[in-house]
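Notes for the one structure printed next.
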Amino acid sequence: MRIIKVLTLAAMGIMGISAANAQDKVEGSVSADVVSRYVWRGQALGDAAIQPSAGLSYKGFSLSAWGSYGFLNTQDAKEFDLTLAYAKGGFNVGVTDYWFSYYGEDNKYFEYRAHDTKHVWEANIGYDFGPLAIQWYTNFAGADGCNKSGDRAYSSYVQLSAPFTLASCDWTATVGAVPYSTDFYADATGGFSVTNISLRATKTIPVCKSWGTPVFMEGSCNPSTKKGYLVVGFTVAP
């Protein structure tokens, strides 16, 4: 419950500051991705899905919600995430509450007991240097994985990404790895494992004179599981 209270108080604080100072504005966003497959950090988590998101931001602080709902396979997990973050310049830090509802299981959102919860809490920190960005993520509570000794792994993932423009498309090359043993990430129980090598291309397709939608394609492979994926999708946003 502590995480939920922190997120709620932060959101109330942001809105309160905005009301007190007329020249400062809270920015809002709403969008949704439709993807042919849900692939996350080198792991396939589901088939075709719609992934809505909404957020508020104020002076570097942001509060956002994100979800994933499979519409072809009813057995895909339903996901609902909340993220509280702060960014200044290239620096960013945040906390995410992931929640998963699995098909056929009675998963209660407000269940926080250590051995029963389907929530995972993760902290992240990173820096964007422009031509290269680095992010580190660590699970610190909830339904985390175990290391090869059977203890809580504090599962972590580190990622390097490099954006560039080529042939009128925006590209991002990414390499991600699990630095130490955990069964939270596929086939990474032995120790350091490269779990994600990917390349994404995005291009905005005009729909009408004043509006277009970004279409993206991403090819990725997971060396630790020897699997590869090709995902296509598009974003709908005002």
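Simple scheme: letters A, B, ... for chains in structure tokens order, numbers from 1 for residues in each chain, numbers from 1 for ligands in the order shown.
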Hey, could you make a per-residue contact list for stretch 75-95 of chain A against stretch 121-129 of chain A with 7 Å as the cut-off, showing the nearest pair of atoms and its distance in Å to one decimal, counting only C-alpha atoms, sorted by chain and number, as a Markdown table?
| residue | atom | partner | partner_atom | distance |
| --- | --- | --- | --- | --- |
| A:Gly90 | CA | A:Asp128 | CA | 4.5 |
| A:Phe91 | CA | A:Tyr127 | CA | 4.5 |
| A:Asn92 | CA | A:Gly126 | CA | 5.4 |
| A:Val93 | CA | A:Ile125 | CA | 4.3 |
| A:Gly94 | CA | A:Asn124 | CA | 5.3 |
| A:Val95 | CA | A:Ala123 | CA | 4.5 |
Restricting it to C-alpha atoms, dump the selection as a compact mmCIF listing (two decimals), in the first residue's frame.
# COMPACT_ATOMS: atom_id res chain seq x y z
CA GLY A 90 19.84 13.68 -19.60
CA PHE A 91 19.34 12.23 -16.12
CA ASN A 92 16.26 10.19 -15.18
CA VAL A 93 15.12 8.10 -12.23
CA GLY A 94 11.86 6.31 -11.49
CA VAL A 95 9.85 3.62 -9.72
Can you build me a table of stretch 148-167 of chain A residues sitting at most 10 Å from stretch 34-41 of chain A, with the closest atom pair per residue and its distance in Å to one decimal, using only C-alpha atoms, sorted by chain and residue number, as JSON lines?
{"residue": "A:Tyr157", "atom": "CA", "partner": "A:Arg41", "partner_atom": "CA", "distance": 8.4}
{"residue": "A:Val158", "atom": "CA", "partner": "A:Arg41", "partner_atom": "CA", "distance": 9.8}
{"residue": "A:Gln159", "atom": "CA", "partner": "A:Arg41", "partner_atom": "CA", "distance": 8.9}
With N, CA and C atoms kept, could you save the residues just selected as a tab-separated table (two decimals), in the first residue's frame?
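So result12.tsv came out as:
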chain	number	residue	atom	x	y	z
A	157	TYR	N	18.38	-5.50	-14.91
A	157	TYR	CA	18.54	-5.48	-16.37
A	157	TYR	C	19.20	-4.16	-16.72
A	158	VAL	N	20.23	-4.21	-17.55
A	158	VAL	CA	20.93	-3.00	-17.98
A	158	VAL	C	20.83	-2.91	-19.50
A	159	GLN	N	20.61	-1.69	-20.00
A	159	GLN	CA	20.35	-1.52	-21.41
A	159	GLN	C	21.10	-0.32	-21.98
I'd like the contact shell of stretch 182-187 of chain A - 6 Å cut-off, only C-alpha atoms, skipping same-chain residues fewer than 2 positions apart - returned as a count of residues only. 6
Taking 5 positions as the minimum chain separation for residues in the same chain, which residues sit within 6 Å of A:Val120 when counting only C-alpha atoms? Answer as a PyMOL selection string. chain A and resi 97-98+142-143
Please identify all polymer residues within 12 Å of stretch 224-233 of chain A, counting only C-alpha atoms, omitting same-chain residues fewer than 5 positions from it, and present them as a count of residues only. 50
Let me make sure I understand: among A:Ala77, A:Ala87, A:Leu132, A:Ala237, which one has the smallest atom-to-atom distance to A:Glu105 if we use only C-alpha atoms?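 Smallest distance to A:Glu105 is found for A:Ala77.
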Rounded to one decimal, what separation in Å do you get between atom CA of A:Tyr109 and atom CA of A:Asn73?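 Interatomic distance here is 21.7 Å.
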Neighbours of A:Leu84 within 8 Å (only C-alpha atoms; same-chain residues fewer than 3 positions away dropped), as a list in words? Leu7, Phe61, Ser62, Leu63, Ser64, Gly94, Val95 and Thr96 of chain A
Nearest to A:Lys59: which of A:Phe140, A:Tyr180, A:Tyr86, A:Phe80 is it, counting only C-alpha atoms? A:Tyr86
Of A:Pro131, A:Lys148, A:Lys209, A:Cys221, the one nearest to A:Thr172 when counting only C-alpha atoms is A:Pro131
As a PDB file with N, CA and C atoms, in the first residue's frame, list the residues of stretch 151-209 of chain A assigned to strand (DSSP E) by DSSP on the backbone atoms of this structure.
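Final output, part.pdb:
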ATOM      1  N   SER A 156      17.853  -7.709 -12.110  1.00  0.00           N
ATOM      2  CA  SER A 156      18.262  -6.455 -12.733  1.00  0.00           C
ATOM      3  C   SER A 156      18.446  -6.633 -14.231  1.00  0.00           C
ATOM      4  N   TYR A 157      18.384  -5.500 -14.909  1.00  0.00           N
ATOM      5  CA  TYR A 157      18.536  -5.481 -16.366  1.00  0.00           C
ATOM      6  C   TYR A 157      19.198  -4.160 -16.721  1.00  0.00           C
ATOM      7  N   VAL A 158      20.227  -4.209 -17.551  1.00  0.00           N
ATOM      8  CA  VAL A 158      20.928  -3.004 -17.983  1.00  0.00           C
ATOM      9  C   VAL A 158      20.832  -2.914 -19.499  1.00  0.00           C
ATOM     10  N   GLN A 159      20.612  -1.692 -19.995  1.00  0.00           N
ATOM     11  CA  GLN A 159      20.354  -1.517 -21.414  1.00  0.00           C
ATOM     12  C   GLN A 159      21.097  -0.316 -21.976  1.00  0.00           C
ATOM     13  N   LEU A 160      21.689  -0.504 -23.145  1.00  0.00           N
ATOM     14  CA  LEU A 160      22.295   0.572 -23.920  1.00  0.00           C
ATOM     15  C   LEU A 160      21.478   0.759 -25.186  1.00  0.00           C
ATOM     16  N   SER A 161      21.164   2.006 -25.520  1.00  0.00           N
ATOM     17  CA  SER A 161      20.395   2.265 -26.738  1.00  0.00           C
ATOM     18  C   SER A 161      20.984   3.469 -27.468  1.00  0.00           C
ATOM     19  N   ALA A 162      20.933   3.397 -28.799  1.00  0.00           N
ATOM     20  CA  ALA A 162      21.501   4.450 -29.639  1.00  0.00           C
ATOM     21  C   ALA A 162      20.495   4.813 -30.731  1.00  0.00           C
ATOM     22  N   PRO A 163      19.964   6.040 -30.706  1.00  0.00           N
ATOM     23  CA  PRO A 163      19.037   6.464 -31.755  1.00  0.00           C
ATOM     24  C   PRO A 163      19.783   7.091 -32.930  1.00  0.00           C
ATOM     25  N   PHE A 164      19.229   6.940 -34.123  1.00  0.00           N
ATOM     26  CA  PHE A 164      19.799   7.602 -35.291  1.00  0.00           C
ATOM     27  C   PHE A 164      18.730   7.703 -36.369  1.00  0.00           C
ATOM     28  N   THR A 165      18.992   8.536 -37.361  1.00  0.00           N
ATOM     29  CA  THR A 165      18.070   8.732 -38.476  1.00  0.00           C
ATOM     30  C   THR A 165      18.717   8.245 -39.764  1.00  0.00           C
ATOM     31  N   LEU A 166      17.945   7.487 -40.544  1.00  0.00           N
ATOM     32  CA  LEU A 166      18.467   6.952 -41.799  1.00  0.00           C
ATOM     33  C   LEU A 166      17.300   6.685 -42.744  1.00  0.00           C
ATOM     34  N   CYS A 169      13.670   7.473 -41.809  1.00  0.00           N
ATOM     35  CA  CYS A 169      13.105   6.741 -40.671  1.00  0.00           C
ATOM     36  C   CYS A 169      13.916   7.056 -39.415  1.00  0.00           C
ATOM     37  N   ASP A 170      13.260   6.971 -38.268  1.00  0.00           N
ATOM     38  CA  ASP A 170      13.943   7.066 -36.979  1.00  0.00           C
ATOM     39  C   ASP A 170      14.252   5.650 -36.503  1.00  0.00           C
ATOM     40  N   TRP A 171      15.518   5.416 -36.146  1.00  0.00           N
ATOM     41  CA  TRP A 171      15.964   4.093 -35.758  1.00  0.00           C
ATOM     42  C   TRP A 171      16.467   4.110 -34.315  1.00  0.00           C
ATOM     43  N   THR A 172      16.363   2.963 -33.650  1.00  0.00           N
ATOM     44  CA  THR A 172      16.977   2.784 -32.328  1.00  0.00           C
ATOM     45  C   THR A 172      17.593   1.396 -32.260  1.00  0.00           C
ATOM     46  N   ALA A 173      18.894   1.352 -31.996  1.00  0.00           N
ATOM     47  CA  ALA A 173      19.603   0.084 -31.786  1.00  0.00           C
ATOM     48  C   ALA A 173      19.759  -0.124 -30.279  1.00  0.00           C
ATOM     49  N   THR A 174      19.472  -1.329 -29.813  1.00  0.00           N
ATOM     50  CA  THR A 174      19.453  -1.610 -28.377  1.00  0.00           C
ATOM     51  C   THR A 174      20.182  -2.914 -28.062  1.00  0.00           C
ATOM     52  N   VAL A 175      20.955  -2.900 -26.982  1.00  0.00           N
ATOM     53  CA  VAL A 175      21.557  -4.111 -26.428  1.00  0.00           C
ATOM     54  C   VAL A 175      21.230  -4.142 -24.943  1.00  0.00           C
ATOM     55  N   GLY A 176      20.634  -5.245 -24.471  1.00  0.00           N
ATOM     56  CA  GLY A 176      20.278  -5.372 -23.064  1.00  0.00           C
ATOM     57  C   GLY A 176      20.792  -6.670 -22.475  1.00  0.00           C
ATOM     58  N   ALA A 177      21.129  -6.627 -21.179  1.00  0.00           N
ATOM     59  CA  ALA A 177      21.693  -7.813 -20.525  1.00  0.00           C
ATOM     60  C   ALA A 177      21.222  -7.914 -19.084  1.00  0.00           C
ATOM     61  N   VAL A 178      21.174  -9.142 -18.596  1.00  0.00           N
ATOM     62  CA  VAL A 178      20.911  -9.429 -17.185  1.00  0.00           C
ATOM     63  C   VAL A 178      22.265  -9.648 -16.521  1.00  0.00           C
ATOM     64  N   SER A 193      23.899 -12.597 -18.710  1.00  0.00           N
ATOM     65  CA  SER A 193      23.311 -13.087 -19.959  1.00  0.00           C
ATOM     66  C   SER A 193      22.853 -11.914 -20.801  1.00  0.00           C
ATOM     67  N   VAL A 194      23.253 -11.902 -22.068  1.00  0.00           N
ATOM     68  CA  VAL A 194      22.710 -10.929 -23.019  1.00  0.00           C
ATOM     69  C   VAL A 194      21.342 -11.445 -23.457  1.00  0.00           C
ATOM     70  N   THR A 195      20.294 -10.690 -23.184  1.00  0.00           N
ATOM     71  CA  THR A 195      18.926 -11.155 -23.430  1.00  0.00           C
ATOM     72  C   THR A 195      18.204 -10.385 -24.531  1.00  0.00           C
ATOM     73  N   ASN A 196      18.808  -9.307 -25.018  1.00  0.00           N
ATOM     74  CA  ASN A 196      18.086  -8.498 -25.998  1.00  0.00           C
ATOM     75  C   ASN A 196      19.058  -7.751 -26.909  1.00  0.00           C
ATOM     76  N   ILE A 197      18.990  -8.055 -28.201  1.00  0.00           N
ATOM     77  CA  ILE A 197      19.668  -7.266 -29.225  1.00  0.00           C
ATOM     78  C   ILE A 197      18.605  -6.906 -30.251  1.00  0.00           C
ATOM     79  N   SER A 198      18.323  -5.619 -30.419  1.00  0.00           N
ATOM     80  CA  SER A 198      17.192  -5.248 -31.263  1.00  0.00           C
ATOM     81  C   SER A 198      17.481  -3.997 -32.084  1.00  0.00           C
ATOM     82  N   LEU A 199      16.722  -3.865 -33.157  1.00  0.00           N
ATOM     83  CA  LEU A 199      16.785  -2.691 -34.021  1.00  0.00           C
ATOM     84  C   LEU A 199      15.360  -2.331 -34.405  1.00  0.00           C
ATOM     85  N   ARG A 200      14.965  -1.096 -34.101  1.00  0.00           N
ATOM     86  CA  ARG A 200      13.610  -0.629 -34.381  1.00  0.00           C
ATOM     87  C   ARG A 200      13.650   0.542 -35.357  1.00  0.00           C
ATOM     88  N   ALA A 201      12.757   0.509 -36.343  1.00  0.00           N
ATOM     89  CA  ALA A 201      12.577   1.606 -37.294  1.00  0.00           C
ATOM     90  C   ALA A 201      11.171   2.153 -37.153  1.00  0.00           C
ATOM     91  N   THR A 202      11.052   3.495 -37.127  1.00  0.00           N
ATOM     92  CA  THR A 202       9.754   4.152 -36.991  1.00  0.00           C
ATOM     93  C   THR A 202       9.599   5.210 -38.073  1.00  0.00           C
ATOM     94  N   LYS A 203       8.418   5.263 -38.667  1.00  0.00           N
ATOM     95  CA  LYS A 203       8.122   6.263 -39.686  1.00  0.00           C
ATOM     96  C   LYS A 203       6.680   6.708 -39.514  1.00  0.00           C
ATOM     97  N   THR A 204       6.441   8.017 -39.546  1.00  0.00           N
ATOM     98  CA  THR A 204       5.089   8.542 -39.426  1.00  0.00           C
ATOM     99  C   THR A 204       4.397   8.512 -40.786  1.00  0.00           C
ATOM    100  N   ILE A 205       3.263   7.840 -40.839  1.00  0.00           N
ATOM    101  CA  ILE A 205       2.480   7.710 -42.062  1.00  0.00           C
ATOM    102  C   ILE A 205       1.342   8.721 -42.036  1.00  0.00           C
ATOM    103  N   PRO A 206       1.251   9.631 -43.008  1.00  0.00           N
ATOM    104  CA  PRO A 206       0.154  10.616 -43.021  1.00  0.00           C
ATOM    105  C   PRO A 206      -1.204   9.923 -43.169  1.00  0.00           C
ATOM    106  N   VAL A 207      -2.138  10.329 -42.331  1.00  0.00           N
ATOM    107  CA  VAL A 207      -3.505   9.810 -42.409  1.00  0.00           C
ATOM    108  C   VAL A 207      -4.420  10.844 -43.046  1.00  0.00           C
ATOM    109  N   CYS A 208      -4.209  12.098 -42.682  1.00  0.00           N
ATOM    110  CA  CYS A 208      -4.915  13.202 -43.314  1.00  0.00           C
ATOM    111  C   CYS A 208      -3.950  14.386 -43.363  1.00  0.00           C
TER     112      CYS A 208
END
